[in-house]
Each structure stands twice: as C-alpha cells, then as structure tokens.
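Structure file start-v1.tsv (TSV, C-alpha atoms) follows.
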```tsv
chain	number	residue	atom	x	y	z
A	27	MET	CA	89.89	77.66	161.52
A	28	GLN	CA	87.92	78.97	158.58
A	29	THR	CA	84.78	77.37	157.24
A	30	VAL	CA	85.25	76.35	153.61
A	31	PRO	CA	83.04	74.54	151.12
A	32	TYR	CA	84.73	71.38	150.00
A	33	GLY	CA	84.06	67.92	148.62
A	34	ARG	CA	81.55	69.09	145.99
A	35	LYS	CA	81.38	66.97	142.88
A	36	THR	CA	82.92	68.85	140.00
A	37	ASN	CA	84.53	67.83	136.74
A	38	ASN	CA	87.77	69.50	137.75
A	39	PRO	CA	87.89	69.66	141.55
A	40	PRO	CA	90.28	72.27	142.91
A	41	ALA	CA	93.55	71.13	144.42
A	42	ILE	CA	93.49	70.90	148.20
A	43	ALA	CA	96.29	72.69	150.04
A	44	GLU	CA	95.71	71.35	153.56
A	45	VAL	CA	94.13	68.10	154.77
A	46	ASP	CA	93.21	66.88	158.23
A	47	VAL	CA	93.36	63.16	158.94
A	48	LEU	CA	90.75	62.30	161.56
A	49	TRP	CA	91.59	58.85	162.88
A	50	ILE	CA	89.13	56.89	165.01
A	51	THR	CA	90.49	53.86	166.87
A	52	ALA	CA	87.28	53.38	168.85
A	53	GLY	CA	85.99	50.52	166.75
A	54	LEU	CA	86.29	46.98	168.07
A	55	GLY	CA	90.00	46.42	167.64
A	56	CYS	CA	93.41	46.22	169.27
A	57	ASP	CA	95.11	49.36	167.88
A	58	GLY	CA	97.44	47.00	166.01
A	59	ASP	CA	97.07	48.97	162.80
A	60	SER	CA	98.14	52.19	164.50
A	61	ILE	CA	101.18	50.38	165.87
A	62	ALA	CA	101.94	48.85	162.47
A	63	ILE	CA	102.16	52.13	160.58
A	64	THR	CA	104.96	53.35	162.85
A	65	ALA	CA	107.09	50.78	160.99
A	66	ALA	CA	106.32	52.20	157.54
A	67	THR	CA	109.19	53.48	155.44
A	68	GLN	CA	107.72	53.91	151.91
A	69	PRO	CA	106.79	56.56	152.93
A	70	SER	CA	107.08	56.90	156.67
A	71	LEU	CA	104.44	58.67	158.72
A	72	GLU	CA	107.03	61.30	159.63
A	73	ASP	CA	107.76	62.00	155.94
A	74	VAL	CA	104.11	62.82	155.34
A	75	LEU	CA	103.49	64.87	158.48
A	76	LEU	CA	106.71	66.89	158.20
A	77	GLY	CA	106.09	67.82	154.58
A	78	SER	CA	109.15	66.00	153.27
A	79	ILE	CA	107.41	64.83	150.09
A	80	PRO	CA	107.07	67.54	147.42
A	81	GLY	CA	103.64	68.37	146.04
A	82	LEU	CA	101.52	67.01	148.87
A	83	PRO	CA	99.01	69.07	150.82
A	84	LYS	CA	99.91	70.00	154.38
A	85	VAL	CA	98.71	67.15	156.61
A	86	ASN	CA	97.42	67.47	160.17
A	87	LEU	CA	97.00	64.16	161.99
A	88	HIS	CA	94.36	63.86	164.73
A	89	HIS	CA	94.99	60.47	166.32
A	90	PRO	CA	93.91	59.64	169.88
A	91	VAL	CA	97.16	57.83	170.68
A	92	LEU	CA	99.62	60.10	168.87
A	93	SER	CA	98.02	63.41	169.81
A	94	TYR	CA	99.45	65.76	172.42
A	95	SER	CA	95.98	66.95	173.34
A	96	THR	CA	93.39	64.91	175.23
A	97	GLY	CA	89.73	64.95	176.18
A	98	ASP	CA	87.55	67.79	174.91
A	99	GLU	CA	90.53	69.59	173.41
A	100	PHE	CA	91.33	66.60	171.20
A	101	LEU	CA	87.69	66.09	170.22
A	102	GLU	CA	87.17	69.73	169.23
A	103	ARG	CA	88.36	69.12	165.65
A	104	PHE	CA	86.02	66.13	165.35
A	105	HIS	CA	83.04	68.23	166.47
A	106	GLU	CA	83.93	70.94	163.94
A	107	ALA	CA	84.27	68.39	161.17
A	108	ALA	CA	80.89	66.90	162.06
A	109	GLU	CA	79.44	70.35	161.39
A	110	GLY	CA	81.22	70.61	158.03
A	111	LYS	CA	83.72	73.18	159.25
A	112	GLY	CA	87.46	73.47	158.80
A	113	ASN	CA	89.84	71.86	156.33
A	114	PRO	CA	88.89	68.98	154.04
A	115	PHE	CA	89.52	65.76	155.93
A	116	LEU	CA	90.18	62.09	155.48
A	117	LEU	CA	88.30	59.93	157.95
A	118	VAL	CA	90.28	56.83	158.94
A	119	ILE	CA	88.42	54.08	160.80
A	120	GLU	CA	90.27	51.39	162.74
A	121	GLY	CA	88.40	48.47	164.29
A	122	SER	CA	85.13	46.77	163.33
A	123	ILE	CA	81.82	48.59	163.62
A	124	PRO	CA	79.41	47.19	166.24
A	125	ASN	CA	75.67	47.08	165.70
A	126	GLU	CA	74.43	49.62	168.23
A	127	GLN	CA	70.82	48.73	167.38
A	128	ILE	CA	71.19	45.58	169.47
A	129	ASN	CA	73.18	47.03	172.36
A	130	GLY	CA	70.36	46.84	174.91
A	131	GLU	CA	70.69	49.60	177.47
A	132	GLY	CA	74.40	50.18	176.98
A	133	PHE	CA	76.76	50.67	174.06
A	134	TRP	CA	79.45	48.66	172.37
A	135	ALA	CA	82.04	51.29	171.42
A	136	ALA	CA	82.38	55.04	171.95
A	137	MET	CA	84.79	57.97	171.90
A	138	GLY	CA	84.24	60.98	174.14
A	139	THR	CA	81.03	62.22	175.74
A	140	ASP	CA	78.15	64.32	174.50
A	141	ARG	CA	78.41	67.94	175.65
A	142	GLU	CA	74.71	68.18	176.44
A	143	THR	CA	73.80	64.75	177.81
A	144	ASP	CA	77.21	63.76	179.17
A	145	GLN	CA	76.59	60.34	177.62
A	146	PRO	CA	79.20	58.47	175.53
A	147	ILE	CA	79.29	59.31	171.82
A	148	THR	CA	79.21	55.96	170.08
A	149	THR	CA	81.59	55.15	167.25
A	150	CYS	CA	78.58	54.64	164.97
A	151	ARG	CA	77.35	58.14	165.77
A	152	TRP	CA	80.74	59.63	164.94
A	153	ILE	CA	80.74	57.81	161.60
A	154	ASP	CA	77.18	58.95	160.87
A	155	GLN	CA	78.13	62.57	161.54
A	156	LEU	CA	81.59	62.64	159.95
A	157	ALA	CA	81.28	60.50	156.82
A	158	PRO	CA	78.87	62.86	154.99
A	159	HIS	CA	81.39	65.71	155.31
A	160	ALA	CA	84.59	63.73	154.63
A	161	TRP	CA	86.62	64.25	151.48
A	162	GLY	CA	87.34	60.53	151.71
A	163	VAL	CA	86.93	57.58	154.08
A	164	VAL	CA	89.56	54.89	154.61
A	165	ALA	CA	89.11	51.63	156.52
A	166	ILE	CA	92.45	50.41	157.90
A	167	GLY	CA	92.93	46.79	158.88
A	168	THR	CA	90.68	43.77	158.38
A	169	CYS	CA	88.43	44.60	161.33
A	170	ALA	CA	87.46	47.94	159.81
A	171	THR	CA	87.32	46.68	156.24
A	172	TYR	CA	85.41	43.41	156.62
A	173	GLY	CA	84.74	42.82	160.32
A	174	GLY	CA	87.72	40.63	161.13
A	175	ILE	CA	88.11	38.57	164.28
A	176	HIS	CA	85.49	40.51	166.21
A	177	ALA	CA	82.88	39.68	163.59
A	178	MET	CA	83.43	35.92	163.62
A	179	GLU	CA	80.54	33.53	164.16
A	180	GLY	CA	79.05	33.65	167.63
A	181	ASN	CA	80.06	37.21	168.47
A	182	PRO	CA	77.51	39.16	170.59
A	183	THR	CA	78.00	42.60	169.00
A	184	GLY	CA	76.81	41.93	165.44
A	185	CYS	CA	79.83	43.92	164.30
A	186	MET	CA	80.82	44.44	160.67
A	187	GLY	CA	83.20	46.22	158.35
A	188	LEU	CA	82.76	49.83	157.28
A	189	PRO	CA	81.36	48.97	153.80
A	190	ASP	CA	78.68	46.84	155.48
A	191	TYR	CA	77.81	49.76	157.72
A	192	LEU	CA	77.86	52.63	155.21
A	193	GLY	CA	76.97	50.52	152.18
A	194	TRP	CA	79.22	49.04	149.51
A	195	GLN	CA	78.17	51.66	146.98
A	196	TRP	CA	78.70	54.58	149.37
A	197	LYS	CA	80.73	57.51	148.08
A	198	SER	CA	81.93	60.70	149.67
A	199	GLU	CA	80.83	64.11	148.42
A	200	SER	CA	84.01	64.18	146.34
A	201	GLY	CA	82.94	60.95	144.63
A	202	LEU	CA	85.48	58.76	146.42
A	203	PRO	CA	84.36	55.23	147.40
A	204	ILE	CA	85.35	53.73	150.74
A	205	VAL	CA	89.00	52.69	150.45
A	206	CYS	CA	89.75	49.39	152.19
A	207	VAL	CA	93.29	48.46	153.21
A	208	PRO	CA	92.95	45.06	154.95
A	209	GLY	CA	95.48	43.14	157.01
A	210	CYS	CA	95.62	41.87	160.58
A	211	PRO	CA	97.37	44.14	161.17
A	212	VAL	CA	97.74	46.15	157.99
A	213	GLN	CA	101.07	45.92	156.19
A	214	PRO	CA	102.62	49.31	157.14
A	215	ASP	CA	103.76	50.47	153.71
A	216	ASN	CA	100.49	49.37	152.11
A	217	PHE	CA	98.52	51.84	154.18
A	218	MET	CA	101.03	54.67	153.91
A	219	GLU	CA	101.26	54.17	150.14
A	220	VAL	CA	97.48	54.43	149.91
A	221	LEU	CA	97.52	57.56	152.05
A	222	LEU	CA	100.22	59.00	149.78
A	223	TYR	CA	98.10	58.23	146.72
A	224	LEU	CA	95.01	59.87	148.21
A	225	LEU	CA	96.98	62.96	149.19
A	226	ASN	CA	98.31	63.23	145.64
A	227	GLN	CA	94.75	62.82	144.39
A	228	ALA	CA	93.59	65.59	146.71
A	229	ALA	CA	96.37	67.79	145.35
A	230	GLY	CA	95.19	67.13	141.80
A	231	ARG	CA	98.29	65.10	140.96
A	232	ALA	CA	96.67	61.65	140.58
A	233	PRO	CA	93.49	60.21	139.04
A	234	MET	CA	90.77	58.42	141.02
A	235	ILE	CA	92.31	55.64	143.07
A	236	PRO	CA	91.78	52.25	141.34
A	237	LEU	CA	89.88	49.79	143.55
A	238	ASP	CA	88.70	46.21	143.04
A	239	GLU	CA	85.18	44.95	143.74
A	240	LEU	CA	86.06	44.62	147.43
A	241	LEU	CA	87.29	48.24	147.52
A	242	ARG	CA	90.95	47.26	147.86
A	243	PRO	CA	93.62	49.18	145.90
A	244	THR	CA	94.16	47.04	142.82
A	245	TRP	CA	97.93	47.41	142.61
A	246	LEU	CA	98.37	46.07	146.14
A	247	PHE	CA	95.90	43.19	146.25
A	248	ALA	CA	95.63	41.79	142.71
A	249	ALA	CA	98.18	39.00	143.19
A	250	THR	CA	98.11	36.13	145.67
A	251	VAL	CA	100.64	35.46	148.40
A	252	HIS	CA	101.74	32.40	146.43
A	253	GLU	CA	102.51	34.41	143.30
A	254	GLY	CA	104.94	36.59	145.23
A	255	CYS	CA	106.24	33.95	147.63
A	256	ASP	CA	109.90	32.98	147.90
A	257	ARG	CA	108.73	29.38	148.35
A	258	GLY	CA	106.49	29.25	145.26
A	259	GLY	CA	109.04	27.33	143.17
A	260	TYR	CA	109.03	24.50	145.70
A	261	TYR	CA	105.27	24.09	145.25
A	262	GLU	CA	105.76	23.67	141.51
A	263	GLN	CA	108.23	20.88	142.21
A	264	ALA	CA	105.95	19.25	144.80
A	265	ASP	CA	108.65	19.84	147.40
A	266	PHE	CA	106.62	20.35	150.58
A	267	ALA	CA	107.76	21.00	154.13
A	268	GLU	CA	106.67	18.43	156.70
A	269	HIS	CA	107.76	20.45	159.72
A	270	TYR	CA	108.10	24.12	160.63
A	271	GLY	CA	111.52	25.59	160.08
A	272	GLU	CA	112.10	23.85	156.74
A	273	HIS	CA	112.87	25.95	153.68
A	274	ASN	CA	110.43	24.47	151.16
A	275	CYS	CA	106.72	25.11	150.45
A	276	ILE	CA	104.57	25.23	153.59
A	277	VAL	CA	101.14	24.71	152.04
A	278	LYS	CA	100.80	21.26	153.67
A	279	LEU	CA	101.35	22.91	157.05
A	280	GLY	CA	98.24	25.03	156.52
A	281	CYS	CA	99.33	27.92	154.28
A	282	TRP	CA	96.48	29.53	152.30
A	283	GLY	CA	98.89	31.51	150.12
A	284	PRO	CA	97.72	30.11	146.75
A	285	VAL	CA	94.30	31.76	147.10
A	286	VAL	CA	94.80	34.74	149.42
A	287	GLN	CA	95.24	38.18	147.85
A	288	CYS	CA	98.08	39.84	149.72
A	289	ASN	CA	101.51	41.22	148.82
A	290	VAL	CA	103.36	40.67	152.09
A	291	GLY	CA	105.33	37.75	150.67
A	292	LYS	CA	106.81	40.01	148.03
A	293	ARG	CA	106.89	43.28	149.97
A	294	GLY	CA	108.01	41.96	153.33
A	295	TRP	CA	107.02	43.68	156.53
A	296	MET	CA	109.55	46.42	157.21
A	297	ASN	CA	112.17	47.66	154.76
A	298	GLY	CA	111.47	44.60	152.61
A	299	ILE	CA	112.33	42.21	155.42
A	300	GLY	CA	109.98	39.69	157.03
A	301	GLY	CA	106.48	38.77	155.97
A	302	CYS	CA	104.60	35.65	157.03
A	303	PRO	CA	105.79	33.02	154.49
A	304	ASN	CA	109.24	34.60	154.21
A	305	VAL	CA	109.95	33.74	157.84
A	306	GLY	CA	108.19	30.37	157.78
A	307	GLY	CA	104.75	31.45	158.95
A	308	ILE	CA	101.70	30.06	157.18
A	309	CYS	CA	99.26	32.46	155.53
A	310	ILE	CA	95.93	32.40	157.41
A	311	GLY	CA	94.08	34.70	155.01
A	312	CYS	CA	93.94	37.82	157.16
A	313	THR	CA	93.41	40.21	154.22
A	314	MET	CA	90.31	38.40	152.97
A	315	PRO	CA	86.63	39.20	153.71
A	316	GLY	CA	86.04	35.63	154.90
A	317	PHE	CA	88.69	35.87	157.64
A	318	PRO	CA	88.81	34.23	160.12
A	319	ASP	CA	85.83	31.88	159.85
A	320	LYS	CA	86.46	30.52	156.36
A	321	PHE	CA	90.15	29.84	157.06
A	322	MET	CA	89.72	27.84	160.23
A	323	PRO	CA	91.00	25.59	161.67
A	324	PHE	CA	94.40	27.16	161.18
A	325	MET	CA	97.56	25.07	160.78
A	326	GLU	CA	95.79	22.35	158.81
A	327	GLU	CA	96.23	21.76	155.08
A	328	PRO	CA	93.48	23.71	153.26
A	329	PRO	CA	90.89	21.49	151.52
A	330	GLY	CA	91.81	22.78	148.07
A	331	ALA	CA	95.49	22.25	148.77
A	332	ILE	CA	94.94	18.56	149.49
A	333	LEU	CA	93.70	18.03	145.93
A	334	SER	CA	96.15	20.38	144.25
A	335	THR	CA	99.21	19.06	146.06
A	336	SER	CA	98.21	15.48	145.23
A	337	ALA	CA	97.77	16.41	141.57
A	338	VAL	CA	101.11	18.16	141.36
A	339	VAL	CA	103.13	15.33	142.90
A	340	MET	CA	103.76	13.34	139.68
A	341	TYR	CA	104.37	16.51	137.67
A	342	GLY	CA	106.65	17.83	140.38
A	343	ARG	CA	108.71	14.65	140.50
A	344	THR	CA	109.18	14.79	136.74
A	345	VAL	CA	110.16	18.45	136.84
A	346	ARG	CA	112.65	17.82	139.63
A	347	ALA	CA	114.21	14.89	137.75
A	348	LEU	CA	114.56	16.87	134.52
A	349	ARG	CA	115.99	19.84	136.35
A	350	GLY	CA	118.38	17.51	138.13
A	351	PHE	CA	119.72	16.23	134.81
A	352	THR	CA	120.13	19.76	133.52
A	353	ARG	CA	121.81	20.90	136.73
A	354	ALA	CA	124.29	18.04	136.50
A	355	SER	CA	125.40	19.50	133.19
A	356	VAL	CA	125.35	23.22	133.86
A	357	ASN	CA	126.73	22.98	137.38
A	358	ARG	CA	130.21	22.15	136.12
A	359	GLU	CA	132.76	23.99	133.98
A	360	PRO	CA	133.29	23.12	130.29
A	361	GLU	CA	136.06	20.57	129.69
A	362	TRP	CA	138.26	22.97	127.71
A	363	ARG	CA	139.06	25.02	130.79
A	364	HIS	CA	142.35	23.43	131.97
A	365	SER	CA	146.02	24.13	132.54
A	366	ARG	CA	147.44	21.49	130.15
A	367	PRO	CA	149.84	22.72	127.42
A	368	GLU	CA	147.27	22.38	124.68
A	369	LEU	CA	144.29	24.38	123.38
A	370	THR	CA	141.05	22.39	123.30
A	371	THR	CA	138.48	25.18	123.03
A	372	GLY	CA	137.87	24.51	119.32
A	373	TYR	CA	139.61	27.68	118.25
A	374	GLU	CA	141.16	27.55	114.76
A	375	PRO	CA	143.55	30.27	113.64
A	376	PRO	CA	142.70	31.95	110.29
A	377	ALA	CA	144.40	30.39	107.26
A	378	ARG	CA	147.34	32.30	105.72
A	379	SER	CA	147.01	33.55	102.13
A	380	ASP	CA	150.34	32.53	100.42
A	381	ALA	CA	149.17	33.92	97.02
A	382	GLY	CA	148.69	37.30	98.48
A	383	ASP	CA	152.10	37.23	100.12
A	384	SER	CA	153.93	36.27	96.84
A	385	SER	CA	152.20	38.93	94.79
A	386	GLY	CA	153.20	41.42	97.34
A	387	SER	CA	156.85	40.34	97.08
A	388	GLU	CA	156.85	40.60	93.29
A	389	ASP	CA	155.46	44.10	93.39
A	390	SER	CA	158.13	45.15	95.78
A	391	ASP	CA	160.88	43.87	93.46
A	392	HIS	CA	159.58	46.12	90.70
```
Turn this file's structure into structure tokens for me.
Amino acid sequence: MQTVPYGRKTNNPPAIAEVDVLWITAGLGCDGDSIAITAATQPSLEDVLLGSIPGLPKVNLHHPVLSYSTGDEFLERFHEAAEGKGNPFLLVIEGSIPNEQINGEGFWAAMGTDRETDQPITTCRWIDQLAPHAWGVVAIGTCATYGGIHAMEGNPTGCMGLPDYLGWQWKSESGLPIVCVPGCPVQPDNFMEVLLYLLNQAAGRAPMIPLDELLRPTWLFAATVHEGCDRGGYYEQADFAEHYGEHNCIVKLGCWGPVVQCNVGKRGWMNGIGGCPNVGGICIGCTMPGFPDKFMPFMEEPPGAILSTSAVVMYGRTVRALRGFTRASVNREPEWRHSRPELTTGYEPPARSDAGDSSGSEDSDH
C-alpha cells in the first residue's frame, strides 16, 4: 500500500479514487448501529462496497465484526493509518468515549494490544492517533455523537460523545467537521445516505456536507418527528390515544415527537416500513443530545405536552365539529346521480336559431 499525501486544505482538493472506512466499535456501546446498517436499502452497504453506484471512489471497509481477518492482521491497516500511510480514510466511531483520565489502574475500552508493551490500546488512544490523519470523522449512533445511555447521570466512566472528546470546532485536515448521525440505534438509511454523500464529496461530486449546530446533517434532522408523523393530524384535532394500540395521537402516552428532531416517522425503518410512532411506539428522544436523562421518566406525558394538549382541546373539538359537518356533505354523492327517467343535473340544451334556419331555406330556393 503506497504512502500518499492526502487531506491537505486546498481550494480545489483533488478527487479521491479509493477510500478506506476504518470502523471502531470499541466505544461503550452495544454494536446496535453496526447491526442496524445491515438493514439499509437507500443505499445498501453492499451497493457501496461492490461499486454498484457510479462515480463513487472504491471503498474498503475495515470493520471488526464484518472483517474476514482478525487480530494483528485486522489491526495492520489501523496502525498504518495512524502513521499517515495508505489510502485516505473515513474514521467511523461507534459507542461513547470513556474518560480514560479517571480509569484508575485499568482502562474502560480498548481494541487490540500494543506491539511493544503488550498492553491494551485504548479507544481514546486510537482516536488520538487516527483522527489527525483522517479525511473525515463520522460518529454513528447517539452514544458516539452525544454520549447516549452510557453517559447518563451516575455513570462511573465519565463517558461522552466524540464532539465532546475532540472538540465541537474540530475539523479534519480536509476541513471536514465531525459528522454526527444520532439514533439509538441509528436509522439505517440515514447513516448510509450520509456515507454516500461523503463519498461523493471525496470524489469531488458534492459540496461540503451541510450540518446544523449539533453537527447533524441538516436535511435529515431539521424536522421533528411530529411534523412527519402519520398521527400528527390527530394531535391537531385533540384526538389522543388513552391506551397503546389505538390509532390516534400518542403524545399523552409519553411521546416526545413534537420536539424531537428525527425523520423516522416519515422515513420508516426499513424500505419505508416501521418507525417508532408508525407502529405505535412513543418517541423517547433518542436522537437528541439530552437523551436519555432529559426525557425520563419514559411513558409519561411530557411536561410541555400537558400544557399544549390542554390548550388544543377546545380548538380541536371545534375543528372536529366543523370537519364533521363538511364530511357529512362531501361524503355522499350529488342528488342528480340517479336512474330515474329525467335529467336533473342542470344541463340546458343550446337554443335553436329559427331565423338562421329560414334564411338558409330561402337561399336554397334561389
């Protein structure tokens, strides 16, 4: 594998022909994000790796679960990348980042062992060595983006999301900020769509990826669950479910959809099917930086929803009544559609012009 200079800041960076994806699952996590992406279809992981999408660089995936190689053989590419050698690479981090400065005499998370000391190489050390050489860095899942469940109050590891560890203003040598794709786990197509965008950007076919202030892709996380929810119209009518399994709005059952930025209600989970509110599951805010602490206890009506649902009740009743009147009219056929021997549609045949007919007859006699 040749050593090439890459990632330098230039006004017109050269297109990249081959990219390695170095994926670390050794954060504090459950590998749920790795499992989730196997369900992606837009595009699928196979589409990207097999080169089925025109214009993309060749992609080599180095994933500890999906790799055929193990041990030192698998880690060889990571060691080379830490030295700045080989192809440009995207570093993907899965799982929250523990604070190894408070680990006592042990360590919180590691991948592989040091060749010289035979001691575990901590996840933090890998990030420290790889991030400076990466073309781009992506945090997948809420644990890696904002800390997630492992970072909730009372945890002993002091863990955090990747932006907290590297710094929110951190940028790669190519000028790319950390890209955060939250979700617990990540929505499969969301991550693969972001990967597709970054690969197109690396190939010189797309501009800098647009991110919001929390480093999320803007086109995926601008809208709330509520704004894309199949049940949103019921909220407007103050038609709330009292029990699970009902078809109407589930905000009174504990759904945080009106404030949570996530597209799963509109996008579904796999092939457009599923998604928490679509199948009757309340939104618990898993794509948000405050998850889970600020959304607990789950399955109770959110404080803001108590006020908003109370305020919308009178309006909703009025809307439902007015729509009921309108439906009573438009939900039936017009009265002129019948089989009686008469025409009642209001049609009037055009009047005959007798003067025109007589003049025509006189002309013909001549």
Using only the atoms of stretch 334-340 of chain A listed in the file, plus 4 Å on each side, state the axis-aligned box centre and edge lengths in Å rounded to one decimal, as lines of an AutoDock Vina configuration file.
```
center_x = 100.0
center_y = 16.9
center_z = 142.9
size_x = 15.6
size_y = 15.0
size_z = 14.4
```
Would you mind telling me which residue in A:Leu54, A:Ile79, A:Cys302, A:Val345 lies nearest to A:Leu188 when using all atoms listed in the file?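 The answer is A:Leu54, which sits nearest to A:Leu188.
Nearest residue to A:Gly230, choosing from A:Pro114, A:Gly350, A:Pro328, A:Gly81 and counting only C-alpha atoms: A:Gly81.
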Using all atoms listed in the file for the distances, tell me which of A:Ser60, A:Ser78, A:Ser93, A:Asn113 is nearest to A:Glu44.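 Answer, going by the shortest atom-to-atom distance: A:Asn113.
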May I ask which of the residues A:Val47, A:Ala347, A:Ala107, A:Ala52 is the closest one to A:Leu87, counting all atoms listed in the file?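 Of A:Val47, A:Ala347, A:Ala107, A:Ala52, the one nearest A:Leu87, counting all atoms listed in the file, is A:Val47.
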